[in-house]
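What follows is one structure encoded as structure tokens, with my remarks underneath.
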Amino acid sequence: MSRYHQVYREWQEDPAGFWAQVAQEIDWAKPWDEVFDPQAGVYGRWFTGAECNTCFNCVDRHVASGRGDQAAIIYDSPITDTKRVLSYSDLLKEVSVLAGALKASGVKKGDRVILYFPMIPEAAVAMMACARIGAVHSVVFGGFAANELATRIDDAKPKAILSASCGVEPNRIVEYKPLLDEAIEIADHKPDLCVVYQREQLSADLKPGRDYDWVEFIRDAVPAGCVFVAATDPLYVLYTSGTTGEPKGVERDNGGHMVALKWTMKNIYDVDPGEVYWAASDVGWVVGHSYIVYAPLLHGCTTILFEGKPVGTPDAGTFWRVISEYGVSAMFTAPTAFRAIKKEDPKGELIKKYDLSKFRTLFLAGERADPDTIQWAERNLNVPVIDHWWQTETGWSIAANPVGLGVLPVKYGSPTVAMPGYDVRIVDETGNEKTDGDIGAIVIKLPLPPGCLPSLWHKEERFKSSYLETFKGFYETADAGYKDEDGYLYIMARTDDIINVAGHRLSTGGMEEVLASHPDVAECAVIGKGDTLKGQVPVGFVVLNAGVNREPEEIEQECIKLVREKIGPVAAFKTAISVMRLPKTRSGKILRGTMRCIADSETYKMPATIDDPAILGEIADALKGKGMIS
Ligand code: COA
Ligand code: AMP
């Protein structure tokens with residue numbers, strides 16, 4: 001019998017008491033004045049008056065309590081054939097030394113530090129070192145192009161940038177330093193210094209006076225202690241796709257973040273201190289922040305930093321090899337990774353080669369988990385497969401099946417129920433609640449629980465207008481879905497122009513901005529087309545300027561190249577289609593939703609306000625011409 005309903009009720013009856021109780025598991029330098037102060041910040045702030053340090057809670061206290069020899073981070077990189085274990089004592093040493101070097105270079109509490117890293121342990125060490133001295137890190141995913149990095153540099157205004165010489169992808173070495181140099185060149189803001197970790201696969205050129213070799217940088221550093229910060233001070237800013245090309249800087253605080261994440265480790269993931277926990281994601285995404293780095297370390301677990309892919313490094317058995325080699329008890333990844341494995345090894349033959357006896361639960365998030373994938377994983381792994389729903393903004397799951405409280409019956413297609421802290425409602429455009437089973441906008445009654453964003457970095461007005469204004473008193477998730485009679489949530493689609501490609505959140509608006517910058521493009525529309533592997537892939541339609549007499553295919557290829565150059569390979573933008581016109585309403589709004597239905601061969605209702613229905617036929621013909629529909 002699950003304790004979920006009882007625990008959810010306890011939170012409903014006394015939210016402050018609930019979180020105050022959970023907060024006992026964190027070591028505070030100074031206790032809070034108020035668990036929740038409704039007058040502070042935009043919608044209130046958690047643990048006001050308290051002081052703490054996230055690095056202390058993730059590292060120092062575990063060494064002090066006897067976990068020094070336990071593995072904190074296991075780095076496993078099939079792509080470079082490297083393995084390395086950092087014990088909690090090793091981690092403390094490395095983090096303190098880097099923190100000391102940063103401090104000696106003038107980086108202090110409140111300064112921002114951008115981290116642009118592949119999946120190597122130095123990325124986690126750098127995050128912790130920033131947290132140790134109260135600096136605010138902002139990790140930028142390695143698959144983004146220089147332009148995206150430049151946008152983040154201009155918004156975060158970092159004092160320092162820490163990076164590595166390269167990333168390693170299956171088909172190529174990704175040279176980070178030229179991208180970093182270009183980004184700094186494009187950006188108006190210039191960092192004081194860059195520190196580059198030289199990997200053996202490639203050595204980067206350093207600019208004297210600005211760039212430092214990581215090893216040299218830390219050589220004579222005096223280890224730094226923890227700087228206590230306010231619980232409400234920012235720990236990090238993580239940029240995520242918004243509806244335009246300008247990303248949103250999601251801010252995370254120190255105190256509430258620790259409290260929330262610590263609660264999830266036992267109650268949602270059912271993992272105990274000392275166990276091995278693995279999130280196969282990337283430190284550049286929120287899953288990487290919360291569940292590769294912060295939560296497992298807060299909880300005294302061993303975390304795995306995996307530099308590889310679910311398939312091809314070397315095969316579709318790599319996940320099972322890691323699980324068996326390190327005795328992983330819980331794993332967290334995106335459904336797309338399982339779809340990739342299922343495609344290569346449909347019968348799960350490779351699973352049988354490994355001892356998975358310690359493996360208890362698989363967690364999936366980042367995109368809708370299709371029932372086929374869940375059932376395949378259940379059948380072949382013989383463990384519960386738990387879908388859970390969250391966003392960069394929330395930092396932890398809004399809805400989940402809390403395994404530690406006792407698993408609730410699984411309903412395929414649903415990430416199960418709202419977690420304590422979240423009062424989730426389904427509403428219509430005017431904010432009226434929908435009846436069970438009816439689809440609507442998914443909103444969360446304010447205040448958001450600890451761990452969720454208090455605001456966007458230095459953009460309070462954008463925070464309010466993006467999330468809080470449409471439905472007064474509620475946070476707008478920008479997801480649409482419904483609730484059933486048992487309170488199970490079903491997350492069906494985004495209500496904005498965000499698409500989800502291989503578990504990566506991307507803005508079609510951002511891609512349209514890039515396409516529109518092509519000199520031969522008059523107008524354009526990007527939609528997310530359903531894809532059996534990646535969930536969705538972007539497809540761009542471009543209308544060329546009158547008088548352009550080059551081959552459309554040539555311009556289409558240029559458009560594809562442009563998106564890769566400006567946004568990055570992660571956009572997976574591989575299809576641009578030139579069309580004569582775009583379907584619009586009489587008021588000139590492009591009918592992207594209808595175009596998506598055509599691309600997905602779904603039936604659709606002819607929009608009543610359509611200007612010229614014949615254009616829909618032209619779109620279908622263009623897709624047929626590219627072999628995208630039959
Ligand atoms: N640095 C540089 N380039 C990167 C990158 C990184 N960190 N990560 C991805 N890329 C590149 C890839 O090399 C690829 O480039 P290509 O066009 O030259 O082939 C491109 O970005 C698209 O990558 P991706 O969407 O990941 O596709 P893929 O075909 O390489 O791999 C999967 C497909 C399903 C195996 C892969 O997407 C995956 O493992 N997904 C798991 C998703 C995940 O962890 N999500 C995090 C949220 S939980
Ligand atoms: P990100 O901020 O990158 O984590 O992306 C968040 C978005 O991914 C959500 O708003 C959803 O649209 C989608 N998403 C995440 N998890 C799930 C899930 N379990 N089911 C359905 N959609 C999900």
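Residue numbering restarts at 1 in every chain; chains get A, B, ... in the order shown in the structure tokens, and ligands count up from 1 in that same order.
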
Practice task
Determine which residues of region 354-394 of chain A receive a DSSP assignment of strand (DSSP E or B), computed from the backbone, and state them as a VMD selection string.
Solution key: chain A and resid 361 to 364 385 to 387 389

Output C-alpha atoms for every residue in the selection just made, as a short mmCIF file (atom, residue, chain, number, x, y, z; two decimals), in the first residue's frame.
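The new file part.cif reads:
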data_model
loop_
_atom_site.label_atom_id
_atom_site.label_comp_id
_atom_site.auth_asym_id
_atom_site.auth_seq_id
_atom_site.Cartn_x
_atom_site.Cartn_y
_atom_site.Cartn_z
CA THR A 361 14.10 0.84 -10.96
CA LEU A 362 14.26 2.66 -14.27
CA PHE A 363 13.09 6.29 -14.41
CA LEU A 364 12.24 8.09 -17.63
CA VAL A 385 9.65 1.60 -15.22
CA ILE A 386 8.64 4.98 -13.90
CA ASP A 387 7.73 7.90 -16.12
CA TRP A 389 7.26 14.78 -15.65
#

Practice task
Dump the neighbourhood of ligand 1 as a ChimeraX atom specification: all residues within 7 Å, distances computed on only C-alpha atoms and all ligand atoms.
Solution key: /A:118,141-144,167,169-171,174,280-282,285,287,309-311,333-334,336-337,340,365-366,501-504,533-534,569-572

Output of the above residues as a compact mmCIF listing (two decimals), in the first residue's frame, restricted to C-alpha atoms:
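Contents of the output file again_6.txt:
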# COMPACT_ATOMS: atom_id res chain seq x y z
CA PRO A 118 31.79 17.68 -22.26
CA PHE A 141 25.60 22.25 -23.21
CA GLY A 142 28.46 21.26 -25.53
CA GLY A 143 26.20 20.70 -28.53
CA PHE A 144 25.37 24.40 -28.79
CA GLY A 167 34.23 16.91 -26.66
CA GLU A 169 31.13 12.51 -30.42
CA PRO A 170 30.93 9.12 -32.16
CA ASN A 171 31.69 10.60 -35.57
CA VAL A 174 34.23 18.61 -31.20
CA ALA A 280 22.43 9.02 -18.23
CA SER A 281 21.99 12.59 -19.33
CA ASP A 282 24.40 15.50 -19.74
CA TRP A 285 20.68 19.86 -19.03
CA VAL A 287 18.57 16.41 -15.42
CA LYS A 309 25.65 7.12 -26.11
CA PRO A 310 23.03 4.43 -25.54
CA VAL A 311 24.01 2.82 -28.83
CA THR A 333 17.32 8.58 -18.72
CA ALA A 334 15.16 9.85 -21.58
CA THR A 336 14.59 8.33 -26.70
CA ALA A 337 17.65 6.48 -25.38
CA ALA A 340 17.48 3.79 -29.76
CA ALA A 365 11.64 11.80 -18.25
CA GLY A 366 12.36 14.67 -20.58
CA VAL A 501 14.05 16.41 -29.96
CA ALA A 502 15.75 13.34 -28.47
CA GLY A 503 14.87 14.63 -25.00
CA HIS A 504 16.40 18.02 -25.83
CA LEU A 533 13.45 7.59 -32.56
CA LYS A 534 13.76 11.19 -31.40
CA PRO A 569 24.23 20.23 -34.06
CA VAL A 570 21.89 19.47 -31.17
CA ALA A 571 19.06 21.22 -33.05
CA ALA A 572 19.11 18.18 -35.39

Exercise for the section: Show which residues sit within 8 Å of Ala50 (chain A), as JSON, numbers by chain. Count only C-alpha atoms, and ignore same-chain residues fewer than 4 positions away. Expected result: {"A": [28, 29, 30, 31, 32, 33, 230, 231, 255]}

Problem - Test item: residues lying within 7 Å of ligand 2 with only C-alpha atoms and all ligand atoms, as a list in words - result: Thr240, Trp285, Val286, Leu364, Ala365, Gly366, Glu367, Arg368, Ala369, Asp387, His388, Trp389, Trp390, Gln391, Thr392, Glu393, Pro415, Thr477, Ala478, Asp479, Ile491, Met492, Ala493, Arg494, Asn500, Gly503, His504 and Arg505 of chain A

Exercise for the section: Counting only C-alpha atoms, figure out which residue out of A:Ala72, A:Val276, A:Val427, A:Val521 gets nearest to Arg360 (chain A). Expected result: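 Answer, going by the shortest atom-to-atom distance: A:Val276.
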
Exercise for the section: Run DSSP on the backbone and give me the residues of region 406-480 of chain A it puts in helix (DSSP H, G or I), as a PyMOL selection string. Expected result: chain A and resi 460-468

Could you name the residues that touch Pro178 (chain A) at 9 Å or less, counting only C-alpha atoms, but leaving out those on the same chain fewer than 3 positions away, as a tab-separated table (two decimals) with C-alpha atoms, in the first residue's frame?
chain	number	residue	atom	x	y	z
A	146	ALA	CA	29.23	29.72	-30.58
A	175	GLU	CA	36.80	21.38	-30.79
A	181	ASP	CA	36.91	32.03	-28.81
A	182	GLU	CA	34.26	32.82	-31.41
A	183	ALA	CA	31.58	33.20	-28.74
A	204	ALA	CA	43.71	23.73	-27.57
A	205	ASP	CA	45.62	26.94	-28.27
